[in-house]
$ cat target_1.cif   # mmCIF, C-alpha atoms and all ligand atoms
data_input
#
loop_
_atom_site.group_PDB
_atom_site.id
_atom_site.type_symbol
_atom_site.label_atom_id
_atom_site.label_comp_id
_atom_site.auth_asym_id
_atom_site.auth_seq_id
_atom_site.Cartn_x
_atom_site.Cartn_y
_atom_site.Cartn_z
ATOM 1 C CA MET A 688 39.190 186.497 178.035
ATOM 2 C CA LYS A 689 41.812 185.204 180.445
ATOM 3 C CA TYR A 690 41.433 181.671 181.901
ATOM 4 C CA HIS A 691 42.728 180.123 185.112
ATOM 5 C CA ARG A 692 42.825 176.484 186.150
ATOM 6 C CA PHE A 693 39.904 175.816 188.518
ATOM 7 C CA GLY A 694 41.295 174.208 191.662
ATOM 8 C CA ALA A 695 42.554 170.706 191.033
ATOM 9 C CA THR A 696 39.971 170.116 188.298
ATOM 10 C CA ARG A 697 41.003 169.797 184.682
ATOM 11 C CA HIS A 698 38.911 172.857 183.775
ATOM 12 C CA GLU A 699 40.277 176.148 182.541
ATOM 13 C CA VAL A 700 37.625 178.654 183.589
ATOM 14 C CA PRO A 701 37.226 182.300 182.500
ATOM 15 C CA VAL A 702 38.339 184.679 185.231
ATOM 16 C CA ILE A 703 35.262 186.864 184.745
ATOM 17 C CA GLY A 704 32.053 184.921 185.185
ATOM 18 C CA GLN A 705 28.402 185.794 185.707
ATOM 19 C CA GLY A 706 26.555 185.965 189.021
ATOM 20 C CA THR A 707 22.795 185.486 189.138
ATOM 21 C CA TRP A 708 21.548 186.608 192.557
ATOM 22 C CA TYR A 709 18.371 188.691 191.974
ATOM 23 C CA ILE A 710 18.604 188.084 188.209
ATOM 24 C CA ASP A 711 15.058 186.745 188.381
ATOM 25 C CA THR A 712 13.623 190.000 189.734
ATOM 26 C CA GLY A 713 13.890 192.058 186.546
ATOM 27 C CA ILE A 714 12.565 191.587 183.021
ATOM 28 C CA PRO A 715 13.211 187.896 182.248
ATOM 29 C CA ASP A 716 13.927 188.313 178.523
ATOM 30 C CA ARG A 717 16.437 191.052 179.252
ATOM 31 C CA ALA A 718 18.210 188.938 181.867
ATOM 32 C CA ILE A 719 18.315 185.971 179.488
ATOM 33 C CA ALA A 720 19.722 188.207 176.743
ATOM 34 C CA ALA A 721 22.356 189.453 179.205
ATOM 35 C CA ILE A 722 23.470 185.944 180.163
ATOM 36 C CA ARG A 723 23.611 184.876 176.507
ATOM 37 C CA ARG A 724 25.597 187.976 175.587
ATOM 38 C CA GLY A 725 27.995 187.041 178.373
ATOM 39 C CA LEU A 726 28.384 183.544 176.941
ATOM 40 C CA ASP A 727 29.158 185.039 173.513
ATOM 41 C CA LEU A 728 31.867 187.163 175.147
ATOM 42 C CA GLY A 729 33.446 184.220 176.948
ATOM 43 C CA MET A 730 31.882 184.673 180.405
ATOM 44 C CA THR A 731 30.941 181.020 180.537
ATOM 45 C CA HIS A 732 31.328 180.558 184.304
ATOM 46 C CA ILE A 733 27.758 180.949 185.571
ATOM 47 C CA ASP A 734 27.130 181.031 189.297
ATOM 48 C CA THR A 735 23.708 180.360 190.746
ATOM 49 C CA ALA A 736 22.135 178.783 193.846
ATOM 50 C CA GLU A 737 18.945 177.099 194.967
ATOM 51 C CA MET A 738 18.546 180.044 197.355
ATOM 52 C CA TYR A 739 18.336 182.717 194.638
ATOM 53 C CA GLY A 740 14.680 183.556 194.153
ATOM 54 C CA SER A 741 13.897 180.174 195.781
ATOM 55 C CA GLY A 742 14.844 178.473 192.518
ATOM 56 C CA ASP A 743 13.646 181.181 190.125
ATOM 57 C CA ALA A 744 17.213 182.252 189.260
ATOM 58 C CA GLU A 745 18.120 178.650 188.403
ATOM 59 C CA GLU A 746 15.049 178.388 186.180
ATOM 60 C CA LEU A 747 16.011 181.553 184.365
ATOM 61 C CA VAL A 748 19.588 180.319 183.942
ATOM 62 C CA GLY A 749 18.208 177.034 182.600
ATOM 63 C CA ARG A 750 16.292 178.957 179.935
ATOM 64 C CA ALA A 751 19.326 181.137 179.127
ATOM 65 C CA ILE A 752 21.754 178.257 178.639
ATOM 66 C CA ALA A 753 19.364 175.954 176.763
ATOM 67 C CA GLY A 754 21.255 174.824 173.660
ATOM 68 C CA HIS A 755 24.562 176.124 175.088
ATOM 69 C CA ARG A 756 25.109 173.717 177.976
ATOM 70 C CA ASP A 757 28.456 172.382 176.797
ATOM 71 C CA GLU A 758 29.932 175.916 176.643
ATOM 72 C CA VAL A 759 29.075 176.641 180.263
ATOM 73 C CA PHE A 760 30.957 176.031 183.515
ATOM 74 C CA LEU A 761 27.821 175.769 185.628
ATOM 75 C CA VAL A 762 27.934 176.200 189.397
ATOM 76 C CA SER A 763 25.116 175.988 191.915
ATOM 77 C CA LYS A 764 24.900 175.759 195.695
ATOM 78 C CA VAL A 765 23.116 173.729 198.304
ATOM 79 C CA LEU A 766 21.587 175.567 201.258
ATOM 80 C CA PRO A 767 23.126 174.540 204.602
ATOM 81 C CA GLU A 768 19.764 173.365 205.951
ATOM 82 C CA ASN A 769 19.535 170.897 203.043
ATOM 83 C CA ALA A 770 23.136 169.700 203.294
ATOM 84 C CA SER A 771 22.642 166.295 204.948
ATOM 85 C CA ILE A 772 23.789 163.251 202.921
ATOM 86 C CA GLU A 773 20.393 162.594 201.300
ATOM 87 C CA GLY A 774 19.377 166.265 201.385
ATOM 88 C CA THR A 775 22.418 167.305 199.358
ATOM 89 C CA VAL A 776 21.604 164.738 196.684
ATOM 90 C CA ALA A 777 17.927 165.711 196.581
ATOM 91 C CA ALA A 778 18.715 169.459 196.457
ATOM 92 C CA CYS A 779 21.116 168.911 193.576
ATOM 93 C CA GLU A 780 18.521 166.916 191.660
ATOM 94 C CA ARG A 781 16.009 169.749 192.089
ATOM 95 C CA SER A 782 18.631 172.231 190.844
ATOM 96 C CA LEU A 783 19.422 170.048 187.821
ATOM 97 C CA TYR A 784 15.715 169.925 186.965
ATOM 98 C CA ARG A 785 15.351 173.717 187.175
ATOM 99 C CA LEU A 786 18.570 174.240 185.234
ATOM 100 C CA ARG A 787 17.422 171.735 182.564
ATOM 101 C CA THR A 788 20.684 169.852 182.673
ATOM 102 C CA ASP A 789 22.053 166.485 183.770
ATOM 103 C CA ARG A 790 25.163 167.784 185.547
ATOM 104 C CA LEU A 791 26.791 170.689 187.345
ATOM 105 C CA ASP A 792 30.446 171.507 186.758
ATOM 106 C CA CYS A 793 30.807 172.448 190.413
ATOM 107 C CA TYR A 794 28.452 172.228 193.403
ATOM 108 C CA LEU A 795 29.043 174.303 196.528
ATOM 109 C CA LEU A 796 27.946 174.277 200.142
ATOM 110 C CA HIS A 797 26.584 177.845 200.379
ATOM 111 C CA TRP A 798 27.804 178.330 203.940
ATOM 112 C CA ARG A 799 28.354 176.151 206.994
ATOM 113 C CA GLY A 800 25.211 174.973 208.688
ATOM 114 C CA PRO A 801 23.872 172.351 211.053
ATOM 115 C CA TYR A 802 25.137 169.191 209.320
ATOM 116 C CA PRO A 803 28.620 167.727 209.889
ATOM 117 C CA LEU A 804 30.936 168.416 206.965
ATOM 118 C CA GLU A 805 31.410 164.642 206.584
ATOM 119 C CA ASP A 806 27.717 164.300 205.659
ATOM 120 C CA THR A 807 27.752 167.029 203.037
ATOM 121 C CA VAL A 808 30.952 165.608 201.562
ATOM 122 C CA ALA A 809 29.319 162.157 201.425
ATOM 123 C CA GLY A 810 26.425 163.714 199.501
ATOM 124 C CA PHE A 811 28.866 165.420 197.121
ATOM 125 C CA GLU A 812 30.708 162.117 196.595
ATOM 126 C CA THR A 813 27.495 160.287 195.745
ATOM 127 C CA LEU A 814 26.620 162.980 193.225
ATOM 128 C CA GLN A 815 30.117 162.903 191.754
ATOM 129 C CA ARG A 816 30.080 159.105 191.452
ATOM 130 C CA ASP A 817 26.757 159.327 189.595
ATOM 131 C CA GLY A 818 28.090 161.986 187.214
ATOM 132 C CA LYS A 819 25.633 164.627 188.469
ATOM 133 C CA ILE A 820 28.422 166.941 189.608
ATOM 134 C CA LEU A 821 31.928 167.049 188.184
ATOM 135 C CA SER A 822 33.539 168.796 191.159
ATOM 136 C CA TRP A 823 32.541 170.397 194.455
ATOM 137 C CA GLY A 824 33.586 173.237 196.689
ATOM 138 C CA VAL A 825 32.487 175.518 199.493
ATOM 139 C CA SER A 826 31.476 179.105 200.079
ATOM 140 C CA ASN A 827 32.012 181.545 202.938
ATOM 141 C CA PHE A 828 34.564 179.243 204.597
ATOM 142 C CA ASP A 829 37.110 180.840 206.919
ATOM 143 C CA VAL A 830 40.497 179.198 207.552
ATOM 144 C CA GLY A 831 39.240 177.183 210.551
ATOM 145 C CA ASP A 832 36.452 175.691 208.401
ATOM 146 C CA LEU A 833 38.915 174.994 205.595
ATOM 147 C CA ASP A 834 41.349 173.262 207.973
ATOM 148 C CA GLU A 835 38.549 171.075 209.280
ATOM 149 C CA LEU A 836 37.362 170.177 205.781
ATOM 150 C CA TRP A 837 40.916 169.480 204.624
ATOM 151 C CA SER A 838 41.446 167.130 207.545
ATOM 152 C CA ILE A 839 38.414 165.152 206.322
ATOM 153 C CA VAL A 840 39.029 165.062 202.572
ATOM 154 C CA GLY A 841 42.741 165.766 201.992
ATOM 155 C CA PRO A 842 44.358 167.171 198.842
ATOM 156 C CA ALA A 843 42.912 167.864 195.401
ATOM 157 C CA ARG A 844 39.261 167.545 196.430
ATOM 158 C CA ILE A 845 38.026 171.060 197.251
ATOM 159 C CA ALA A 846 37.735 172.901 193.931
ATOM 160 C CA CYS A 847 37.017 176.383 195.287
ATOM 161 C CA ASN A 848 35.999 178.631 198.139
ATOM 162 C CA GLN A 849 33.563 181.349 197.069
ATOM 163 C CA VAL A 850 33.925 184.412 199.291
ATOM 164 C CA LEU A 851 33.120 188.122 199.519
ATOM 165 C CA TYR A 852 35.822 190.083 197.696
ATOM 166 C CA HIS A 853 35.803 193.601 196.324
ATOM 167 C CA LEU A 854 38.051 196.639 196.490
ATOM 168 C CA ARG A 855 36.626 197.845 199.783
ATOM 169 C CA GLU A 856 36.444 194.369 201.293
ATOM 170 C CA ARG A 857 39.780 192.644 200.993
ATOM 171 C CA SER A 858 39.747 190.718 204.291
ATOM 172 C CA ILE A 859 40.310 187.383 202.535
ATOM 173 C CA GLU A 860 43.819 188.538 201.671
ATOM 174 C CA HIS A 861 44.925 188.155 205.320
ATOM 175 C CA ALA A 862 44.442 184.408 205.669
ATOM 176 C CA VAL A 863 41.800 182.819 203.422
ATOM 177 C CA LEU A 864 43.479 183.631 200.116
ATOM 178 C CA PRO A 865 46.952 182.469 201.288
ATOM 179 C CA TRP A 866 45.401 179.269 202.690
ATOM 180 C CA CYS A 867 43.641 178.549 199.392
ATOM 181 C CA GLU A 868 46.782 179.261 197.373
ATOM 182 C CA ARG A 869 48.861 176.947 199.583
ATOM 183 C CA HIS A 870 46.301 174.158 199.138
ATOM 184 C CA GLY A 871 45.495 174.583 195.426
ATOM 185 C CA VAL A 872 41.915 175.753 196.055
ATOM 186 C CA SER A 873 40.559 178.430 193.713
ATOM 187 C CA VAL A 874 39.050 181.578 195.197
ATOM 188 C CA VAL A 875 35.888 182.859 193.555
ATOM 189 C CA GLY A 876 35.231 186.404 194.713
ATOM 190 C CA TYR A 877 31.587 187.391 194.956
ATOM 191 C CA SER A 878 29.956 190.853 194.950
ATOM 192 C CA PRO A 879 32.931 192.401 193.090
ATOM 193 C CA PHE A 880 31.078 195.722 192.889
ATOM 194 C CA GLY A 881 30.004 195.592 196.532
ATOM 195 C CA HIS A 882 26.560 194.160 195.658
ATOM 196 C CA SER A 883 24.582 197.409 195.321
ATOM 197 C CA GLY A 884 25.647 200.961 195.043
ATOM 198 C CA ALA A 885 28.918 200.645 196.914
ATOM 199 C CA PHE A 886 31.183 201.029 193.901
ATOM 200 C CA PRO A 887 33.550 204.003 194.411
ATOM 201 C CA GLY A 888 32.396 206.989 192.391
ATOM 202 C CA PRO A 889 34.629 209.320 190.365
ATOM 203 C CA HIS A 890 34.376 212.056 193.004
ATOM 204 C CA THR A 891 36.114 210.045 195.693
ATOM 205 C CA SER A 892 39.912 210.033 195.846
ATOM 206 C CA ALA A 893 39.997 206.229 195.503
ATOM 207 C CA GLY A 894 37.583 206.422 192.576
ATOM 208 C CA ARG A 895 39.883 208.934 190.878
ATOM 209 C CA VAL A 896 42.726 206.402 191.072
ATOM 210 C CA LEU A 897 40.583 203.876 189.207
ATOM 211 C CA SER A 898 39.586 206.510 186.618
ATOM 212 C CA ALA A 899 43.211 207.491 186.004
ATOM 213 C CA ILE A 900 44.272 203.879 185.441
ATOM 214 C CA ALA A 901 41.204 203.224 183.300
ATOM 215 C CA ALA A 902 42.004 206.196 181.063
ATOM 216 C CA LYS A 903 45.450 204.776 180.287
ATOM 217 C CA HIS A 904 43.909 201.517 179.084
ATOM 218 C CA ASN A 905 40.893 203.005 177.322
ATOM 219 C CA ALA A 906 38.914 201.058 179.902
ATOM 220 C CA THR A 907 36.374 201.868 182.627
ATOM 221 C CA PRO A 908 36.876 202.022 186.417
ATOM 222 C CA ARG A 909 34.749 198.888 186.874
ATOM 223 C CA GLN A 910 36.916 197.011 184.383
ATOM 224 C CA VAL A 911 40.005 198.093 186.324
ATOM 225 C CA ALA A 912 38.412 196.877 189.554
ATOM 226 C CA LEU A 913 37.583 193.482 188.048
ATOM 227 C CA ALA A 914 41.083 193.147 186.577
ATOM 228 C CA PHE A 915 42.558 193.826 190.026
ATOM 229 C CA LEU A 916 40.295 191.203 191.619
ATOM 230 C CA VAL A 917 41.588 188.488 189.246
ATOM 231 C CA ARG A 918 45.242 189.542 189.284
ATOM 232 C CA ARG A 919 46.478 186.235 190.735
ATOM 233 C CA PRO A 920 46.128 182.747 189.161
ATOM 234 C CA SER A 921 44.031 181.599 192.131
ATOM 235 C CA LEU A 922 41.371 184.291 191.615
ATOM 236 C CA PHE A 923 38.038 184.417 189.753
ATOM 237 C CA THR A 924 35.184 186.907 189.975
ATOM 238 C CA ILE A 925 31.467 186.661 189.205
ATOM 239 C CA PRO A 926 29.820 190.080 188.722
ATOM 240 C CA LYS A 927 26.075 189.953 188.325
ATOM 241 C CA ALA A 928 24.585 192.054 185.535
ATOM 242 C CA SER A 929 21.066 191.889 184.212
ATOM 243 C CA SER A 930 21.647 194.226 181.293
ATOM 244 C CA PRO A 931 23.596 193.287 178.153
ATOM 245 C CA GLU A 932 25.423 196.657 178.340
ATOM 246 C CA HIS A 933 26.735 195.915 181.810
ATOM 247 C CA VAL A 934 27.725 192.415 180.723
ATOM 248 C CA GLU A 935 29.712 193.822 177.817
ATOM 249 C CA GLU A 936 31.562 196.212 180.092
ATOM 250 C CA ASN A 937 32.353 193.440 182.579
ATOM 251 C CA ALA A 938 33.554 191.045 179.889
ATOM 252 C CA GLY A 939 36.008 193.706 178.717
ATOM 253 C CA ALA A 940 37.933 193.252 181.965
ATOM 254 C CA GLY A 941 38.887 189.744 180.890
ATOM 255 C CA ASP A 942 41.551 191.131 178.560
ATOM 256 C CA LEU A 943 42.808 193.954 180.766
ATOM 257 C CA ARG A 944 46.306 193.535 182.244
ATOM 258 C CA LEU A 945 47.384 195.937 184.990
ATOM 259 C CA ASN A 946 51.080 196.555 185.508
ATOM 260 C CA GLY A 947 52.876 196.412 188.864
ATOM 261 C CA ARG A 948 52.689 200.161 189.387
ATOM 262 C CA GLU A 949 48.945 200.206 188.720
ATOM 263 C CA LEU A 950 48.370 197.306 191.096
ATOM 264 C CA ALA A 951 50.351 199.187 193.755
ATOM 265 C CA MET A 952 48.265 202.351 193.209
ATOM 266 C CA ILE A 953 45.038 200.361 193.716
ATOM 267 C CA ASP A 954 46.542 198.617 196.720
ATOM 268 C CA GLU A 955 47.228 201.995 198.301
ATOM 269 C CA ALA A 956 43.856 203.521 197.403
ATOM 270 C CA PHE A 957 41.920 200.525 198.773
ATOM 271 C CA PRO A 958 43.929 199.239 201.758
ATOM 272 C CA ILE A 959 43.354 195.718 203.017
ATOM 273 C CA GLY A 960 42.539 196.885 206.538
ATOM 274 C CA ILE A 961 42.799 194.974 209.756
ATOM 275 C CA ARG A 962 42.386 191.241 209.995
ATOM 276 C CA GLN A 963 38.898 190.183 211.063
ATOM 277 C CA ARG A 964 36.619 187.183 210.889
ATOM 278 C CA LEU A 965 35.603 186.361 207.342
ATOM 279 C CA PRO A 966 32.860 188.834 206.415
ATOM 280 C CA VAL A 967 29.841 187.570 204.496
ATOM 281 C CA LEU A 968 27.214 189.488 202.600
HETATM 282 P P1 LIG B 1 27.791 192.602 192.364
HETATM 283 O O1 LIG B 1 28.090 191.704 191.233
HETATM 284 O O2 LIG B 1 28.877 193.189 193.161
HETATM 285 O O3 LIG B 1 26.867 193.810 191.906
HETATM 286 C C1 LIG B 1 25.685 193.625 191.178
HETATM 287 C C2 LIG B 1 25.145 195.021 190.858
HETATM 288 O O4 LIG B 1 26.097 195.703 190.011
HETATM 289 C C3 LIG B 1 23.838 194.976 190.093
HETATM 290 O O5 LIG B 1 23.042 196.026 190.600
HETATM 291 C C4 LIG B 1 24.238 195.254 188.666
HETATM 292 O O6 LIG B 1 23.247 195.933 187.936
HETATM 293 C C5 LIG B 1 25.429 196.165 188.861
HETATM 294 N N1 LIG B 1 26.358 196.106 187.740
HETATM 295 C C6 LIG B 1 26.932 194.999 187.191
HETATM 296 N N2 LIG B 1 27.747 195.332 186.183
HETATM 297 C C7 LIG B 1 27.683 196.686 186.097
HETATM 298 C C8 LIG B 1 28.322 197.628 185.233
HETATM 299 N N3 LIG B 1 29.173 197.238 184.305
HETATM 300 N N4 LIG B 1 28.024 198.935 185.420
HETATM 301 C C9 LIG B 1 27.162 199.341 186.396
HETATM 302 N N5 LIG B 1 26.537 198.490 187.229
HETATM 303 C C10 LIG B 1 26.812 197.179 187.077
HETATM 304 O O7 LIG B 1 26.840 191.887 193.437
HETATM 305 P P2 LIG B 1 26.289 190.453 193.740
HETATM 306 O O8 LIG B 1 25.171 190.112 192.831
HETATM 307 O O9 LIG B 1 26.027 190.433 195.196
HETATM 308 O O10 LIG B 1 27.536 189.467 193.515
HETATM 309 C C11 LIG B 1 27.775 188.775 192.316
HETATM 310 C C12 LIG B 1 27.365 187.321 192.397
HETATM 311 O O11 LIG B 1 28.094 186.645 193.414
HETATM 312 C C13 LIG B 1 25.919 187.085 192.802
HETATM 313 O O12 LIG B 1 25.008 187.415 191.779
HETATM 314 C C14 LIG B 1 25.967 185.629 193.179
HETATM 315 O O13 LIG B 1 25.966 184.800 192.020
HETATM 316 C C15 LIG B 1 27.304 185.574 193.914
HETATM 317 N N6 LIG B 1 27.159 185.760 195.379
HETATM 318 C C16 LIG B 1 27.479 184.700 196.189
HETATM 319 C C17 LIG B 1 27.327 184.813 197.570
HETATM 320 C C18 LIG B 1 27.658 183.641 198.454
HETATM 321 O O14 LIG B 1 27.333 183.663 199.640
HETATM 322 N N7 LIG B 1 28.309 182.622 197.922
HETATM 323 C C19 LIG B 1 26.886 186.027 198.143
HETATM 324 C C20 LIG B 1 26.618 187.095 197.297
HETATM 325 C C21 LIG B 1 26.764 186.953 195.931
HETATM 326 P P3 LIG B 1 22.279 195.247 186.838
HETATM 327 O O15 LIG B 1 21.808 193.967 187.405
HETATM 328 O O16 LIG B 1 21.239 196.281 186.642
HETATM 329 O O17 LIG B 1 23.090 195.036 185.577
#

$ encode --input "target_1.cif" --output "structure tokens" --more "lines below"
Ligand code: NAP
Amino acid sequence: MKYHRFGATRHEVPVIGQGTWYIDTGIPDRAIAAIRRGLDLGMTHIDTAEMYGSGDAEELVGRAIAGHRDEVFLVSKVLPENASIEGTVAACERSLYRLRTDRLDCYLLHWRGPYPLEDTVAGFETLQRDGKILSWGVSNFDVGDLDELWSIVGPARIACNQVLYHLRERSIEHAVLPWCERHGVSVVGYSPFGHSGAFPGPHTSAGRVLSAIAAKHNATPRQVALAFLVRRPSLFTIPKASSPEHVEENAGAGDLRLNGRELAMIDEAFPIGIRQRLPVL
């Protein structure tokens, strides 16, 4: 498993992590086994949110990581409607209770909402001072939002921006990714397989490019896709898988290195497209 430095934190975090949206909707024991298998394989970055299953995903994660807390880089998110100063603190405390832990490694604002950024940051700072979060970041922030936040907090404070990023949705590469790289903010790409069913099949011309590269590495097309999505030191990805078999396949991407020619082939098969406002899922 490859590791990258997470923003300005002191943490080296695995480039392939584990998402948990909808993980609570299947068979709980299977989902717990999947998360634990992921931990065994080095996918120790676990992403969850108070929104997922209205807390049920956090509860399931709490059960899965019981006895393994120190191995995990645990991330959760506050809903924008809770992100006042006191609301951020209270939401985090509810998440900690569900996750059966005393701290989060990183806490994110899920997307911009009604409260001024200053208030959410004040909530994050209170939590950080009390040791309940070790770092904080944002999600679904476009460059205008990032500029505004930077003007409030300055350097080395925003650990990451979690944004939509998969082979058919590369909009962040126009402006958000360069902004984050210039400012030392990690980019955590979500929905790396396009969330549901959008992964390019072997009968499409773009899918055939992935298959050809995969064959050379004794890998799978999904592993090639994940390796592409973490090809830069600023990038992380968090595929969600509720089956241990899927987790094993995804973890395999953590050791896959694509050469310049292969990256160029993928670049051509999945063009970045025109610049647009930051898309969200
Ligand atoms: P995703 O990871 O792109 O796709 C998940 C789907 O892919 C599931 O149906 C899963 O099936 C399947 N899958 C996973 N590994 C597979 C494999 N090796 N082979 C075949 N199928 C595989 O979608 P996502 O859940 O939307 O995104 C990932 C995570 O990003 C989320 O879980 C969440 O933590 C985060 N996220 C954040 C935001 C935000 O606003 N910040 C938004 C969306 C997502 P099984 O479950 O059956 O294994």

$ residues_near_ligand --input "target_1.cif" --ligand "ligand LIG 1 (chain B)" --cutoff "7 Å" --atoms "only C-alpha atoms and all ligand atoms" --output "PyMOL selection string"
chain A and resi 705-710+734-735+797-798+826-827+849-851+877-883+909+925-930+933-934+936-937+967-968

$ atom_distance --input "target_1.cif" --atom1 "atom CA of A:Tyr784" --atom2 "atom CA of A:Ser771"
19.6 Å

$ closest_residue --input "target_1.cif" --among "A:Gln963, A:Arg944, A:His890, A:Leu897" --to "A:Val830" --atoms "all atoms listed in the file"
A:Gln963

$ resolve_selection --input "target_1.cif" --expression "the PyMOL selection byres (((chain A and resi 790) around 7) and not hetatm)" --output "CSV table (one decimal) with C-alpha atoms, keeping the file's coordinate frame"
chain,number,residue,atom,x,y,z
A,783,LEU,CA,19.4,170.0,187.8
A,788,THR,CA,20.7,169.9,182.7
A,789,ASP,CA,22.1,166.5,183.8
A,791,LEU,CA,26.8,170.7,187.3
A,792,ASP,CA,30.4,171.5,186.8
A,818,GLY,CA,28.1,162.0,187.2
A,819,LYS,CA,25.6,164.6,188.5
A,820,ILE,CA,28.4,166.9,189.6

$ atom_distance --input "target_1.cif" --atom1 "atom CA of A:Asp716" --atom2 "atom CA of A:Glu758"
20.3 Å

$ residues_around --input "target_1.cif" --residues "A:Glu955" --least-positions-apart "2" --cutoff "12 Å" --atoms "only C-alpha atoms" --output "mmCIF file with C-alpha atoms, keeping the file's coordinate frame"
data_model
loop_
_atom_site.group_PDB
_atom_site.id
_atom_site.type_symbol
_atom_site.label_atom_id
_atom_site.label_comp_id
_atom_site.auth_asym_id
_atom_site.auth_seq_id
_atom_site.Cartn_x
_atom_site.Cartn_y
_atom_site.Cartn_z
ATOM 1 C CA LEU A 854 38.051 196.639 196.490
ATOM 2 C CA ARG A 855 36.626 197.845 199.783
ATOM 3 C CA SER A 892 39.912 210.033 195.846
ATOM 4 C CA ALA A 893 39.997 206.229 195.503
ATOM 5 C CA VAL A 896 42.726 206.402 191.072
ATOM 6 C CA LEU A 897 40.583 203.876 189.207
ATOM 7 C CA ARG A 948 52.689 200.161 189.387
ATOM 8 C CA GLU A 949 48.945 200.206 188.720
ATOM 9 C CA LEU A 950 48.370 197.306 191.096
ATOM 10 C CA ALA A 951 50.351 199.187 193.755
ATOM 11 C CA MET A 952 48.265 202.351 193.209
ATOM 12 C CA ILE A 953 45.038 200.361 193.716
ATOM 13 C CA PHE A 957 41.920 200.525 198.773
ATOM 14 C CA PRO A 958 43.929 199.239 201.758
ATOM 15 C CA ILE A 959 43.354 195.718 203.017
ATOM 16 C CA GLY A 960 42.539 196.885 206.538
#

$ closest_residue --input "target_1.cif" --among "A:His853, A:Arg781, A:Arg717, A:Lys903" --to "A:Leu922" --atoms "only C-alpha atoms"
A:His853

$ residues_around --input "target_1.cif" --residues "A:Ala914" --least-positions-apart "2" --cutoff "8 Å" --atoms "only C-alpha atoms" --output "PyMOL selection string"
chain A and resi 910-912+916-918+940-941+943-945

$ resolve_selection --input "target_1.cif" --expression "the PyMOL selection byres (((chain A and resi 862) around 10) and not hetatm)" --output "ChimeraX atom specification"
/A:829-830,858-861,863-867,962-965

$ closest_residue --input "target_1.cif" --among "A:His870, A:Leu814, A:Thr891, A:Gly800" --to "A:Leu833" --atoms "only C-alpha atoms"
A:His870

$ closest_residue --input "target_1.cif" --among "A:Pro701, A:Pro966, A:Pro767, A:Pro920" --to "A:Tyr852" --atoms "all atoms listed in the file"
A:Pro966

$ atom_distance --input "target_1.cif" --atom1 "atom CA of A:Arg799" --atom2 "atom CA of A:Asp832"
8.2 Å

$ residues_around --input "target_1.cif" --residues "A:Arg750" --least-positions-apart "6" --cutoff "12 Å" --atoms "only C-alpha atoms" --output "ChimeraX atom specification"
/A:711,715-716,718-720,722-723,743-744,756,784-788

$ closest_residue --input "target_1.cif" --among "A:Val765, A:Met738, A:Leu796, A:Ala721" --to "A:Ile752" --atoms "only C-alpha atoms"
A:Ala721

$ closest_residue --input "target_1.cif" --among "A:His755, A:Asn946, A:Ser898, A:His691" --to "A:Arg724" --atoms "only C-alpha atoms"
A:His755

$ resolve_selection --input "target_1.cif" --expression "the PyMOL selection byres (((chain A and resi 845) around 10) and not hetatm)" --output "list of chain:residue names"
A:Gly694, A:Ala695, A:Thr696, A:Leu795, A:Val808, A:Ser822, A:Trp823, A:Gly824, A:Val825, A:Leu833, A:Leu836, A:Trp837, A:Val840, A:Gly841, A:Pro842, A:Ala843, A:Arg844, A:Ala846, A:Cys847, A:Asn848, A:Cys867, A:His870, A:Gly871, A:Val872, A:Ser873

$ write_last_selection --input "target_1.cif" --atoms "C-alpha atoms" --output "short mmCIF file (atom, residue, chain, number, x, y, z; two decimals), in the frame of the given file"
data_model
loop_
_atom_site.label_atom_id
_atom_site.label_comp_id
_atom_site.auth_asym_id
_atom_site.auth_seq_id
_atom_site.Cartn_x
_atom_site.Cartn_y
_atom_site.Cartn_z
CA GLY A 694 41.30 174.21 191.66
CA ALA A 695 42.55 170.71 191.03
CA THR A 696 39.97 170.12 188.30
CA LEU A 795 29.04 174.30 196.53
CA VAL A 808 30.95 165.61 201.56
CA SER A 822 33.54 168.80 191.16
CA TRP A 823 32.54 170.40 194.46
CA GLY A 824 33.59 173.24 196.69
CA VAL A 825 32.49 175.52 199.49
CA LEU A 833 38.92 174.99 205.60
CA LEU A 836 37.36 170.18 205.78
CA TRP A 837 40.92 169.48 204.62
CA VAL A 840 39.03 165.06 202.57
CA GLY A 841 42.74 165.77 201.99
CA PRO A 842 44.36 167.17 198.84
CA ALA A 843 42.91 167.86 195.40
CA ARG A 844 39.26 167.54 196.43
CA ALA A 846 37.74 172.90 193.93
CA CYS A 847 37.02 176.38 195.29
CA ASN A 848 36.00 178.63 198.14
CA CYS A 867 43.64 178.55 199.39
CA HIS A 870 46.30 174.16 199.14
CA GLY A 871 45.50 174.58 195.43
CA VAL A 872 41.92 175.75 196.06
CA SER A 873 40.56 178.43 193.71
#

$ decode --input "target_1.cif" --residues "stretch 827-831 of chain A" --atoms "N, CA and C atoms" --output "PDB file, in the first residue's frame"
ATOM      1  N   ASN A 827     -16.553  19.130  -1.024  1.00  0.00           N
ATOM      2  CA  ASN A 827     -17.343  19.777  -2.084  1.00  0.00           C
ATOM      3  C   ASN A 827     -17.095  21.284  -2.145  1.00  0.00           C
ATOM      4  N   PHE A 828     -15.872  21.711  -1.870  1.00  0.00           N
ATOM      5  CA  PHE A 828     -15.520  23.128  -1.955  1.00  0.00           C
ATOM      6  C   PHE A 828     -14.905  23.429  -3.316  1.00  0.00           C
ATOM      7  N   ASP A 829     -15.473  24.425  -3.991  1.00  0.00           N
ATOM      8  CA  ASP A 829     -14.910  24.915  -5.250  1.00  0.00           C
ATOM      9  C   ASP A 829     -13.841  25.974  -4.914  1.00  0.00           C
ATOM     10  N   VAL A 830     -13.143  26.478  -5.931  1.00  0.00           N
ATOM     11  CA  VAL A 830     -12.025  27.382  -5.645  1.00  0.00           C
ATOM     12  C   VAL A 830     -12.461  28.664  -4.922  1.00  0.00           C
ATOM     13  N   GLY A 831     -13.652  29.178  -5.246  1.00  0.00           N
ATOM     14  CA  GLY A 831     -14.123  30.393  -4.565  1.00  0.00           C
ATOM     15  C   GLY A 831     -14.294  30.141  -3.066  1.00  0.00           C
TER      16      GLY A 831
END
